[in-house]
Amino acid sequence: MTLNKNKILDKIEIVGDFKIIQLQYTIEITETVDEEIKIVSSSKERETYQPNLSIDNLPVEIQDYANIAWTDEVIAAYNEHINSII
């Protein structure tokens with residue numbers, strides 16, 4: 001018997017004026033017995049990324065989305081917004 005944990009990217013959303021990137025993952029715990037794989041547990045997990053982050057530090061699968069969505073104008077507007085509420 002072998003247990004495995006798999007993190008599967010289900011959904012990528014780009015939301016709002018500041019193009020916040022939201023990711024939804026399914027986390028599955030699977031059990032393998034005699035080459036038969038059975039899902040033991042499943043849950044959801046979310047992550048968000050704001051345009052003031054370095055694209056190089058993002059997960060590889062979303063870097064292209066950030067390059068398109070996070071224009072210089074979006075980044076400037078986001079930083080201005082953050083600075084105005086501090």
# chains A, B, ... in the order shown; residues from 1 in each chain; ligands from 1
$ closest_atom_pairs --of "stretch 55-83 of chain A" --to "stretch 23-47 of chain A" --cutoff "12 Å" --atoms "only C-alpha atoms" --output "CSV"
residue,atom,partner,partner_atom,distance
A:Leu58,CA,A:Glu47,CA,10.9
A:Pro59,CA,A:Leu23,CA,10.3
A:Glu61,CA,A:Leu23,CA,10.5
A:Ile62,CA,A:Leu23,CA,8.9
A:Tyr65,CA,A:Leu23,CA,11.5
$ residues_around --residues "stretch 48-52 of chain A" --least-positions-apart "2" --cutoff "10 Å" --atoms "only C-alpha atoms" --output "MDAnalysis selection string"
chainID A and resid 12:14 18:24 46 54:55 58 62 66:67 69:72 74:79 82
$ atom_distance --atom1 "atom CA of A:Ile68" --atom2 "atom CA of A:Ile85"
26.4 Å
$ select_by_dssp --residues "chain A" --states "strand (DSSP E)" --output "ChimeraX atom specification"
/A:2-15,20-33,36-49
$ decode --residues "stretch 3-86 of chain A" --atoms "C-alpha atoms" --output "PDB file, in the first residue's frame"
ATOM      1  CA  LEU A   3      -0.175   6.829  -0.141  1.00  0.00           C
ATOM      2  CA  ASN A   4       0.379   9.793  -2.467  1.00  0.00           C
ATOM      3  CA  LYS A   5      -0.573  13.445  -2.246  1.00  0.00           C
ATOM      4  CA  ASN A   6      -1.336  15.187  -5.550  1.00  0.00           C
ATOM      5  CA  LYS A   7      -1.880  18.913  -6.053  1.00  0.00           C
ATOM      6  CA  ILE A   8      -3.839  19.536  -9.262  1.00  0.00           C
ATOM      7  CA  LEU A   9      -4.382  23.029 -10.659  1.00  0.00           C
ATOM      8  CA  ASP A  10      -8.126  23.280 -11.407  1.00  0.00           C
ATOM      9  CA  LYS A  11      -8.777  26.931 -12.136  1.00  0.00           C
ATOM     10  CA  ILE A  12      -6.962  30.158 -12.955  1.00  0.00           C
ATOM     11  CA  GLU A  13      -8.886  33.426 -12.598  1.00  0.00           C
ATOM     12  CA  ILE A  14      -7.761  37.000 -13.211  1.00  0.00           C
ATOM     13  CA  VAL A  15     -10.009  39.245 -11.156  1.00  0.00           C
ATOM     14  CA  GLY A  16     -10.742  42.950 -10.797  1.00  0.00           C
ATOM     15  CA  ASP A  17      -9.132  46.202 -11.865  1.00  0.00           C
ATOM     16  CA  PHE A  18      -5.775  45.150 -10.421  1.00  0.00           C
ATOM     17  CA  LYS A  19      -5.775  41.772 -12.193  1.00  0.00           C
ATOM     18  CA  ILE A  20      -5.365  39.682  -9.048  1.00  0.00           C
ATOM     19  CA  ILE A  21      -4.508  36.119 -10.071  1.00  0.00           C
ATOM     20  CA  GLN A  22      -6.449  33.466  -8.169  1.00  0.00           C
ATOM     21  CA  LEU A  23      -5.627  29.767  -8.366  1.00  0.00           C
ATOM     22  CA  GLN A  24      -7.734  26.848  -7.214  1.00  0.00           C
ATOM     23  CA  TYR A  25      -6.130  23.476  -6.575  1.00  0.00           C
ATOM     24  CA  THR A  26      -7.602  20.090  -5.765  1.00  0.00           C
ATOM     25  CA  ILE A  27      -5.544  18.186  -3.221  1.00  0.00           C
ATOM     26  CA  GLU A  28      -6.028  14.431  -3.507  1.00  0.00           C
ATOM     27  CA  ILE A  29      -4.690  11.745  -1.233  1.00  0.00           C
ATOM     28  CA  THR A  30      -4.585   8.478  -3.152  1.00  0.00           C
ATOM     29  CA  GLU A  31      -3.890   4.951  -2.035  1.00  0.00           C
ATOM     30  CA  THR A  32      -2.327   2.374  -4.336  1.00  0.00           C
ATOM     31  CA  VAL A  33      -2.940  -1.294  -3.571  1.00  0.00           C
ATOM     32  CA  ASP A  34      -1.945  -3.949  -6.112  1.00  0.00           C
ATOM     33  CA  GLU A  35      -1.760  -1.332  -8.909  1.00  0.00           C
ATOM     34  CA  GLU A  36      -5.292  -0.096  -8.139  1.00  0.00           C
ATOM     35  CA  ILE A  37      -5.468   3.618  -7.306  1.00  0.00           C
ATOM     36  CA  LYS A  38      -8.252   4.841  -5.016  1.00  0.00           C
ATOM     37  CA  ILE A  39      -8.892   8.431  -3.875  1.00  0.00           C
ATOM     38  CA  VAL A  40      -8.905   8.433  -0.077  1.00  0.00           C
ATOM     39  CA  SER A  41      -9.410  12.155   0.491  1.00  0.00           C
ATOM     40  CA  SER A  42      -9.963  15.281  -1.606  1.00  0.00           C
ATOM     41  CA  SER A  43      -9.984  18.966  -0.685  1.00  0.00           C
ATOM     42  CA  LYS A  44      -9.636  22.399  -2.276  1.00  0.00           C
ATOM     43  CA  GLU A  45      -6.904  24.981  -1.760  1.00  0.00           C
ATOM     44  CA  ARG A  46      -6.654  28.552  -3.100  1.00  0.00           C
ATOM     45  CA  GLU A  47      -3.767  30.935  -3.673  1.00  0.00           C
ATOM     46  CA  THR A  48      -3.794  34.574  -4.780  1.00  0.00           C
ATOM     47  CA  TYR A  49      -1.097  36.732  -6.330  1.00  0.00           C
ATOM     48  CA  GLN A  50      -1.034  40.536  -6.563  1.00  0.00           C
ATOM     49  CA  PRO A  51       0.693  42.563  -9.298  1.00  0.00           C
ATOM     50  CA  ASN A  52       3.379  43.926  -6.961  1.00  0.00           C
ATOM     51  CA  LEU A  53       5.101  40.507  -6.948  1.00  0.00           C
ATOM     52  CA  SER A  54       8.022  39.542  -9.121  1.00  0.00           C
ATOM     53  CA  ILE A  55       6.806  37.312 -11.948  1.00  0.00           C
ATOM     54  CA  ASP A  56       9.926  35.154 -11.532  1.00  0.00           C
ATOM     55  CA  ASN A  57       8.702  34.174  -8.046  1.00  0.00           C
ATOM     56  CA  LEU A  58       5.307  32.948  -9.303  1.00  0.00           C
ATOM     57  CA  PRO A  59       4.531  29.301 -10.075  1.00  0.00           C
ATOM     58  CA  VAL A  60       5.753  28.540 -13.601  1.00  0.00           C
ATOM     59  CA  GLU A  61       2.278  27.623 -14.858  1.00  0.00           C
ATOM     60  CA  ILE A  62       0.941  31.161 -14.250  1.00  0.00           C
ATOM     61  CA  GLN A  63       3.895  33.336 -15.275  1.00  0.00           C
ATOM     62  CA  ASP A  64       2.563  33.771 -18.825  1.00  0.00           C
ATOM     63  CA  TYR A  65      -0.815  34.936 -17.461  1.00  0.00           C
ATOM     64  CA  ALA A  66       0.898  37.489 -15.216  1.00  0.00           C
ATOM     65  CA  ASN A  67       3.027  38.770 -18.091  1.00  0.00           C
ATOM     66  CA  ILE A  68      -0.140  39.496 -20.070  1.00  0.00           C
ATOM     67  CA  ALA A  69      -2.374  40.833 -17.275  1.00  0.00           C
ATOM     68  CA  TRP A  70       0.114  42.830 -15.218  1.00  0.00           C
ATOM     69  CA  THR A  71       0.853  45.728 -17.522  1.00  0.00           C
ATOM     70  CA  ASP A  72       2.892  48.695 -16.306  1.00  0.00           C
ATOM     71  CA  GLU A  73      -0.379  50.620 -15.909  1.00  0.00           C
ATOM     72  CA  VAL A  74      -1.967  47.895 -13.761  1.00  0.00           C
ATOM     73  CA  ILE A  75       1.126  47.648 -11.554  1.00  0.00           C
ATOM     74  CA  ALA A  76       1.280  51.446 -11.127  1.00  0.00           C
ATOM     75  CA  ALA A  77      -2.442  51.655 -10.264  1.00  0.00           C
ATOM     76  CA  TYR A  78      -2.119  48.797  -7.758  1.00  0.00           C
ATOM     77  CA  ASN A  79       0.926  50.358  -6.068  1.00  0.00           C
ATOM     78  CA  GLU A  80      -0.818  53.738  -5.937  1.00  0.00           C
ATOM     79  CA  HIS A  81      -3.870  52.101  -4.354  1.00  0.00           C
ATOM     80  CA  ILE A  82      -1.779  50.262  -1.749  1.00  0.00           C
ATOM     81  CA  ASN A  83       0.173  53.420  -0.891  1.00  0.00           C
ATOM     82  CA  SER A  84      -3.048  55.416  -0.525  1.00  0.00           C
ATOM     83  CA  ILE A  85      -4.403  53.083   2.188  1.00  0.00           C
ATOM     84  CA  ILE A  86      -1.217  52.784   4.217  1.00  0.00           C
TER      85      ILE A  86
END
